[in-house]
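Some notes on the structure that comes next.
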Amino acid sequence: MNVIVVTYWSYKDALIQTYTLPYVKIIQNNINSGRVYLVTIENPFHQMNDTEWENECKKLQNENIELIRFKYDHFGIKMIFRFFSIILNLIKLIKKEKISVIHCWCLTAGALGYLLSIFTKKPLIIDSYEPHAEAMVENGTWKKSSLKFKLLFWLEKKQSKRAKTVIALTEGMANYAIEKYNTTFKNYYIKPALVNLTKFDSNQKLYEAKRKEKGISSEIVGLYAGKFGGIYLKEEIFDLIKVASEYWKGNFKFYILSNIDKKLVNSYLQKKQIDKSYIEVIFVDYHEIENYFHLADFAINPVKPVTTKKYCTSIKDGEYWAAGLPVIITKNISDDSEIINNNNIGYVLNDLSSEEYLEACKKIDSLISKNKDELRNKIKSIAEKYRSFTIAENIYKEVYS
C-alpha cells in the first residue's frame, strides 16, 4: 500500500518537523512494504536551496518516504492557478505510483485532498481535524464576508462528508461537525498534538546545570515559545510580563523564543514601562529549544480564547508538560485548560486583566515553592497520559490494518 500525505506547509516549518513528520514515520511503519509520499507547499520564508532539499530527500528515502514540494502563493488569481496545477500533478503521481490512500493534514490541505479524492476515487483520511475557516475569522485574519472564508468553509463541509476516516484533535470536534457541516462519522479517532517526551524530559540536576550555564541563580524564569498575533495574543503577553516583573520584582526573568521583531518588543517594553533586563528575546532552532525549557520554572500559552480553540490542541502545552513546566493558559483551549485546572498544574485565566495575571503569578509561586521535582514528575505524568506518541501508534495501526 502506498499513501500520499498532503500538507499545506513548508518542510522546514515546525508544523512539518514536529506536527507531521513523526506521524508520517509511524504511518510508514504500518503499511508494510509500501511508501509514503509527503507533499509540502514551500513558502519563501522557509526557503531551502536545492542541496538542502536533496539531502533531506535522501535521508527520508532510506525510510521509504518520498518528499514532494510545490511553491506557495498568497490567496489570489495566481494561487488559484497554482492550486489547480498542483492538483493535476498530484493526480498524475497518484496514478503513476498506485497510491491507495489520500491522507491530509488539517482542513486546508484537506481541500486539496477532497478534490484529489473526487478525481481519483481514492479514500480520504483527514488528520488533525479542526476548524480553520471560522478560526481565521475569529482571530481577525479574515472577514466572514470574504471569498477566502466562503470558499474554505464550503470545502470544509465537502471534505468532511467525503472523508472515510477522521482523526480529530478533540472529542468535541464531532459536535462541531454536526452543527456546522451537518456531518457525522463512522470512523472517528481522537489524537491531540503529541510530542517527543524524551526530547523535553527534564530533572532537577539538568535544571540547575542549565541555569548555572546562563548565569541564573534564584530568579523565577518564565518562558514563551511561539508566535505573536494570529491565533495568539500579542500586547496581553507584555501585560502579563509587567505584572510578573512587579510581583517577583528583581527576581524575575522571561525568555521569549520567537522571531518577533525586536523593535516591536522594545515598543511594548516602553509602552508598558517594563525594564529590558527582565526579558530576553531569541529565535532558537527547534533542535535546541529544549535547552531553554530546562532552565524555566513556568511557561505561558497565550492562545486567543475564541470559540473554535475549544476544538484544537496546542503542541506547546505538550512540550511544556513534557519538560515538567506548570502552564498559564487562557480559558477553553481544547481540553488543555480543563486538564491544567483539574490537575492543579498551572493557572487558567478567566479573563485578560491585571487582576487575573496577578492571581496566575501567585498560583505559579505557590506551585514552584514546594518540591520542584515532585511537581515536575506530576506534570510529566500528565504529558505521558495525554501527549504520548503511543496514542498515534494505536490509531494508525487500526486505520491501516
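Identifiers for the C-alpha cells are assigned positionally: chains receive A, B, ... in sequence, residues are indexed from 1 per chain, and ligands are indexed from 1 in the order shown.
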Do a neighbour search on Asn332 in chain A at 8 Å with only C-alpha atoms, toss out local chain neighbours closer than 4 positions, and write the hits as a list of chain:residue names.
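Those residues are A:Pro305, A:Thr307, A:Lys309, A:Lys310, A:Asp336, A:Ser337, A:Glu338.
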Selection above as a file: C-alpha atoms, as a short mmCIF file (atom, residue, chain, number, x, y, z; two decimals), in the first residue's frame:
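Now in again-v7.cif:
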```cif
data_model
loop_
_atom_site.label_atom_id
_atom_site.label_comp_id
_atom_site.auth_asym_id
_atom_site.auth_seq_id
_atom_site.Cartn_x
_atom_site.Cartn_y
_atom_site.Cartn_z
CA PRO A 305 -9.72 32.46 23.87
CA THR A 307 -14.77 29.67 20.37
CA LYS A 309 -9.94 27.00 20.04
CA LYS A 310 -12.09 24.59 22.06
CA ASP A 336 -5.88 21.60 27.97
CA SER A 337 -7.41 24.38 30.08
CA GLU A 338 -9.54 21.80 31.87
#
```
Apply DSSP to the structure's backbone, then extract all residues of range 144-315 of chain A labelled strand (DSSP E) and return them as a list in words.
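Residues meeting the strand (DSSP E) criterion: Thr165, Val166, Ile167, Ala168, Tyr188, Tyr189, Ile190, Ile220, Val221, Gly222, Leu223, Tyr224, Ala225, Phe252, Lys253, Phe254, Tyr255, Ile256, Leu257, Ile279, Glu280, Val281, Ile282, Phe298, Ala299, Ile300 and Asn301 of chain A.
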Need the shell around range 264-277 of chain A: protein/DNA/RNA residues with any atom at most 9 Å away, counting only C-alpha atoms. Skip same-chain ones fewer than 5 positions apart. Format as a ChimeraX atom specification?
/A:235,238-239,241-242,245,253
Quick one: everything within 9 Å of Ala193 in chain A, counting only C-alpha atoms, minus sequence neighbours fewer than 5 positions away in the same chain. Send it as a short mmCIF file (atom, residue, chain, number, x, y, z; two decimals) with C-alpha atoms, in the first residue's frame.
```cif
data_model
loop_
_atom_site.label_atom_id
_atom_site.label_comp_id
_atom_site.auth_asym_id
_atom_site.auth_seq_id
_atom_site.Cartn_x
_atom_site.Cartn_y
_atom_site.Cartn_z
CA TYR A 19 3.46 18.15 13.96
CA SER A 128 -5.61 16.83 12.86
CA LEU A 169 -7.75 16.81 17.94
CA CYS A 312 -7.88 22.48 18.71
CA THR A 313 -4.97 21.30 20.82
CA SER A 314 -1.75 23.20 21.18
CA ILE A 315 1.54 21.39 20.73
CA LYS A 316 3.06 23.95 23.11
CA ASP A 317 1.25 22.53 26.13
CA GLY A 318 2.51 19.04 25.35
CA ARG A 387 0.62 13.52 24.68
#
```
Could you pull the residues within 8 Å of range 170-178 of chain A, counting only C-alpha atoms, minus those fewer than 4 positions along the same chain, as a list of chain:residue names?
A:Tyr129, A:Glu130, A:Ser160, A:Asn182, A:Thr183, A:Thr184, A:Phe185, A:Ile190, A:Lys191, A:Pro192, A:Lys310, A:Tyr311, A:Cys312, A:Thr313, A:Ser334, A:Asp335
Take the selection from the previous step and output its residues with C-alpha atoms, as a compact mmCIF listing (two decimals), in the first residue's frame.
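Contents of part18.txt, as written:
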```txt
# COMPACT_ATOMS: atom_id res chain seq x y z
CA TYR A 129 -9.23 17.70 12.12
CA GLU A 130 -10.07 21.15 13.50
CA SER A 160 -15.99 16.26 6.00
CA ASN A 182 -24.27 18.55 9.14
CA THR A 183 -21.95 15.55 9.17
CA THR A 184 -21.40 12.51 11.39
CA PHE A 185 -18.58 9.99 11.13
CA ILE A 190 -9.04 11.45 18.87
CA LYS A 191 -5.36 12.34 18.61
CA PRO A 192 -4.25 15.61 20.24
CA LYS A 310 -12.09 24.59 22.06
CA TYR A 311 -11.64 22.14 19.17
CA CYS A 312 -7.88 22.48 18.71
CA THR A 313 -4.97 21.30 20.82
CA SER A 334 -9.14 22.42 23.73
CA ASP A 335 -9.13 20.05 26.71
```
What parts of range 8-94 of chain A does DSSP call alpha helix (DSSP H)? I'd like the answer as a CSV table (one decimal) with N, CA and C atoms, in the first residue's frame.
```csv
chain,number,residue,atom,x,y,z
A,14,ALA,N,8.0,24.3,11.6
A,14,ALA,CA,7.9,23.4,12.7
A,14,ALA,C,6.6,22.6,12.6
A,15,LEU,N,5.6,23.0,11.9
A,15,LEU,CA,4.4,22.2,11.7
A,15,LEU,C,4.6,21.0,10.9
A,16,ILE,N,5.6,20.9,10.1
A,16,ILE,CA,6.1,19.7,9.5
A,16,ILE,C,7.0,18.9,10.4
A,17,GLN,N,8.0,19.6,10.9
A,17,GLN,CA,9.0,18.9,11.7
A,17,GLN,C,8.5,18.3,13.0
A,21,LEU,N,5.9,15.1,10.5
A,21,LEU,CA,6.9,14.2,10.2
A,21,LEU,C,6.9,13.0,11.2
A,22,PRO,N,6.9,13.2,12.5
A,22,PRO,CA,6.9,12.0,13.4
A,22,PRO,C,5.7,11.0,13.1
A,23,TYR,N,4.5,11.6,12.7
A,23,TYR,CA,3.4,10.7,12.4
A,23,TYR,C,3.5,10.0,11.1
A,24,VAL,N,4.1,10.7,10.1
A,24,VAL,CA,4.4,10.1,8.8
A,24,VAL,C,5.2,8.9,9.0
A,25,LYS,N,6.2,8.9,9.8
A,25,LYS,CA,7.1,7.8,10.1
A,25,LYS,C,6.3,6.6,10.7
A,26,ILE,N,5.4,7.0,11.6
A,26,ILE,CA,4.5,5.9,12.2
A,26,ILE,C,3.6,5.3,11.2
A,27,ILE,N,3.0,6.2,10.3
A,27,ILE,CA,2.2,5.6,9.2
A,27,ILE,C,3.0,4.7,8.3
A,28,GLN,N,4.2,5.1,8.0
A,28,GLN,CA,5.1,4.3,7.1
A,28,GLN,C,5.3,2.9,7.8
A,29,ASN,N,5.5,2.9,9.1
A,29,ASN,CA,5.7,1.6,9.8
A,29,ASN,C,4.5,0.7,9.8
A,50,ASP,N,18.6,23.9,-3.3
A,50,ASP,CA,18.5,22.5,-3.9
A,50,ASP,C,19.3,21.5,-3.2
A,51,THR,N,20.5,21.9,-2.7
A,51,THR,CA,21.3,21.0,-2.0
A,51,THR,C,20.7,20.5,-0.7
A,52,GLU,N,20.1,21.5,0.1
A,52,GLU,CA,19.4,21.2,1.4
A,52,GLU,C,18.3,20.2,1.1
A,53,TRP,N,17.5,20.5,0.1
A,53,TRP,CA,16.3,19.7,-0.3
A,53,TRP,C,16.8,18.3,-0.6
A,54,GLU,N,17.8,18.2,-1.5
A,54,GLU,CA,18.2,16.9,-1.9
A,54,GLU,C,18.7,16.0,-0.7
A,55,ASN,N,19.4,16.7,0.2
A,55,ASN,CA,19.9,16.0,1.4
A,55,ASN,C,18.8,15.5,2.3
A,56,GLU,N,17.7,16.3,2.4
A,56,GLU,CA,16.5,15.8,3.2
A,56,GLU,C,15.8,14.7,2.5
A,57,CYS,N,15.7,14.8,1.2
A,57,CYS,CA,15.1,13.7,0.4
A,57,CYS,C,15.8,12.4,0.5
A,58,LYS,N,17.2,12.5,0.5
A,58,LYS,CA,18.0,11.2,0.6
A,58,LYS,C,17.8,10.6,2.0
A,59,LYS,N,17.7,11.4,3.0
A,59,LYS,CA,17.5,10.9,4.4
A,59,LYS,C,16.2,10.2,4.5
A,60,LEU,N,15.1,10.8,4.0
A,60,LEU,CA,13.8,10.2,4.1
A,60,LEU,C,13.6,9.0,3.2
A,61,GLN,N,14.3,9.0,2.0
A,61,GLN,CA,14.2,7.9,1.1
A,61,GLN,C,14.6,6.6,1.8
A,77,ILE,N,-5.5,35.3,-7.7
A,77,ILE,CA,-5.6,34.6,-9.0
A,77,ILE,C,-4.4,33.7,-9.3
A,78,LYS,N,-3.2,34.1,-8.9
A,78,LYS,CA,-2.0,33.3,-9.2
A,78,LYS,C,-2.1,32.0,-8.3
A,79,MET,N,-2.6,32.2,-7.1
A,79,MET,CA,-2.6,31.0,-6.2
A,79,MET,C,-3.7,30.0,-6.7
A,80,ILE,N,-4.8,30.5,-7.2
A,80,ILE,CA,-5.8,29.6,-7.8
A,80,ILE,C,-5.3,28.8,-8.9
A,81,PHE,N,-4.6,29.5,-9.9
A,81,PHE,CA,-4.0,28.7,-11.0
A,81,PHE,C,-3.0,27.7,-10.5
A,82,ARG,N,-2.2,28.1,-9.5
A,82,ARG,CA,-1.2,27.2,-8.9
A,82,ARG,C,-1.8,26.0,-8.2
A,83,PHE,N,-2.9,26.3,-7.6
A,83,PHE,CA,-3.7,25.3,-6.9
A,83,PHE,C,-4.1,24.1,-7.8
A,84,PHE,N,-4.7,24.5,-9.0
A,84,PHE,CA,-5.1,23.5,-9.9
A,84,PHE,C,-3.9,22.8,-10.6
A,85,SER,N,-2.8,23.5,-10.8
A,85,SER,CA,-1.6,22.9,-11.3
A,85,SER,C,-1.1,21.8,-10.3
A,86,ILE,N,-1.1,22.1,-9.0
A,86,ILE,CA,-0.7,21.1,-8.0
A,86,ILE,C,-1.7,19.9,-8.1
A,87,ILE,N,-3.0,20.1,-8.2
A,87,ILE,CA,-3.9,19.0,-8.3
A,87,ILE,C,-3.6,18.1,-9.5
A,88,LEU,N,-3.4,18.7,-10.6
A,88,LEU,CA,-3.1,17.9,-11.8
A,88,LEU,C,-1.8,17.1,-11.7
A,89,ASN,N,-0.8,17.7,-11.1
A,89,ASN,CA,0.5,17.0,-10.9
A,89,ASN,C,0.3,15.8,-9.8
A,90,LEU,N,-0.5,16.1,-8.8
A,90,LEU,CA,-0.7,15.0,-7.8
A,90,LEU,C,-1.6,13.9,-8.4
A,91,ILE,N,-2.6,14.2,-9.2
A,91,ILE,CA,-3.4,13.2,-9.9
A,91,ILE,C,-2.5,12.2,-10.7
A,92,LYS,N,-1.5,12.8,-11.4
A,92,LYS,CA,-0.6,12.0,-12.2
A,92,LYS,C,0.2,11.1,-11.3
A,93,LEU,N,0.7,11.7,-10.1
A,93,LEU,CA,1.5,11.0,-9.2
A,93,LEU,C,0.7,9.8,-8.6
A,94,ILE,N,-0.5,10.1,-8.2
A,94,ILE,CA,-1.4,9.0,-7.6
A,94,ILE,C,-1.6,7.9,-8.5
```
So how far away is CA of Val137 in chain A from CA of Lys150 in chain A, in Å?
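Those two atoms sit 10.8 Å apart.
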Neighbour list for Asp373 in chain A as a list in words, cut-off 9 Å, only C-alpha atoms, skip fewer than 5 positions in-chain:
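Surrounding residues, per the criterion: Asn203, Gln204, Gly324 and Lys378 of chain A.
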Tell me which protein, DNA and RNA residues are within 10 Å of Val303 in chain A, counting only C-alpha atoms, leaving out same-chain ones fewer than 6 positions away, and put them as an mmCIF file with C-alpha atoms, in the first residue's frame.
```cif
data_model
loop_
_atom_site.group_PDB
_atom_site.id
_atom_site.type_symbol
_atom_site.label_atom_id
_atom_site.label_comp_id
_atom_site.auth_asym_id
_atom_site.auth_seq_id
_atom_site.Cartn_x
_atom_site.Cartn_y
_atom_site.Cartn_z
ATOM 1 C CA ASN A 139 -8.699 35.765 15.242
ATOM 2 C CA LYS A 227 4.344 33.493 17.609
ATOM 3 C CA PHE A 228 2.632 36.810 18.299
ATOM 4 C CA GLY A 229 -0.674 37.683 16.675
ATOM 5 C CA GLY A 230 -2.886 35.434 14.550
ATOM 6 C CA ILE A 231 -4.269 32.803 16.913
ATOM 7 C CA TYR A 232 -2.011 34.122 19.699
ATOM 8 C CA LEU A 233 -2.308 37.199 21.863
ATOM 9 C CA LYS A 234 0.220 39.994 21.452
ATOM 10 C CA LYS A 309 -9.940 26.998 20.041
ATOM 11 C CA SER A 314 -1.750 23.202 21.184
ATOM 12 C CA ILE A 329 -3.188 29.379 29.745
ATOM 13 C CA THR A 330 -6.313 31.163 28.563
ATOM 14 C CA LYS A 331 -9.723 29.575 29.135
ATOM 15 C CA ASN A 332 -11.481 26.991 26.952
ATOM 16 C CA ILE A 333 -8.418 25.980 24.943
#
```
Shortest interatomic distance to Ile364 in chain A - which of A:Tyr11, A:Tyr188, A:Tyr347, A:Tyr181, counting only C-alpha atoms
A:Tyr347
CA of Glu280 in chain A to CA of Tyr207 in chain A: how many Å, to one decimal?
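One can read the CA of Glu280 in chain A to CA of Tyr207 in chain A distance as 18.3 Å.
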Taking only C-alpha atoms into account, which of A:Arg376, A:His294, A:Lys71, A:Lys249 comes nearest Ile345 in chain A?
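Looking at the shortest contact to Ile345 in chain A, the residue is A:Arg376.
Proximity to Ala109 in chain A was assessed for A:Val399, A:Ala360, A:Val5, A:Leu194 counting only C-alpha atoms; the smallest distance is recorded for A:Val5.
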How far is it from CA of Leu240 in chain A to CA of Ala225 in chain A, in Å with one decimal?
15.1 Å
Choose the residue, out of A:Ser388, A:Ser202, A:Asn341, A:Asn62, that has the smallest atom-to-atom separation from Val36 in chain A; count only C-alpha atoms.
A:Asn62
Of the residues A:Met48, A:Ala244, A:Ala383, A:Ala299, which is the one nearest to Leu358 in chain A, using only C-alpha atoms?
A:Ala244
Given the choices A:Gln159, A:Asn344, A:Asn43, A:Thr18, which gets closest to Leu107 in chain A if the distance is worked out from only C-alpha atoms?
A:Gln159
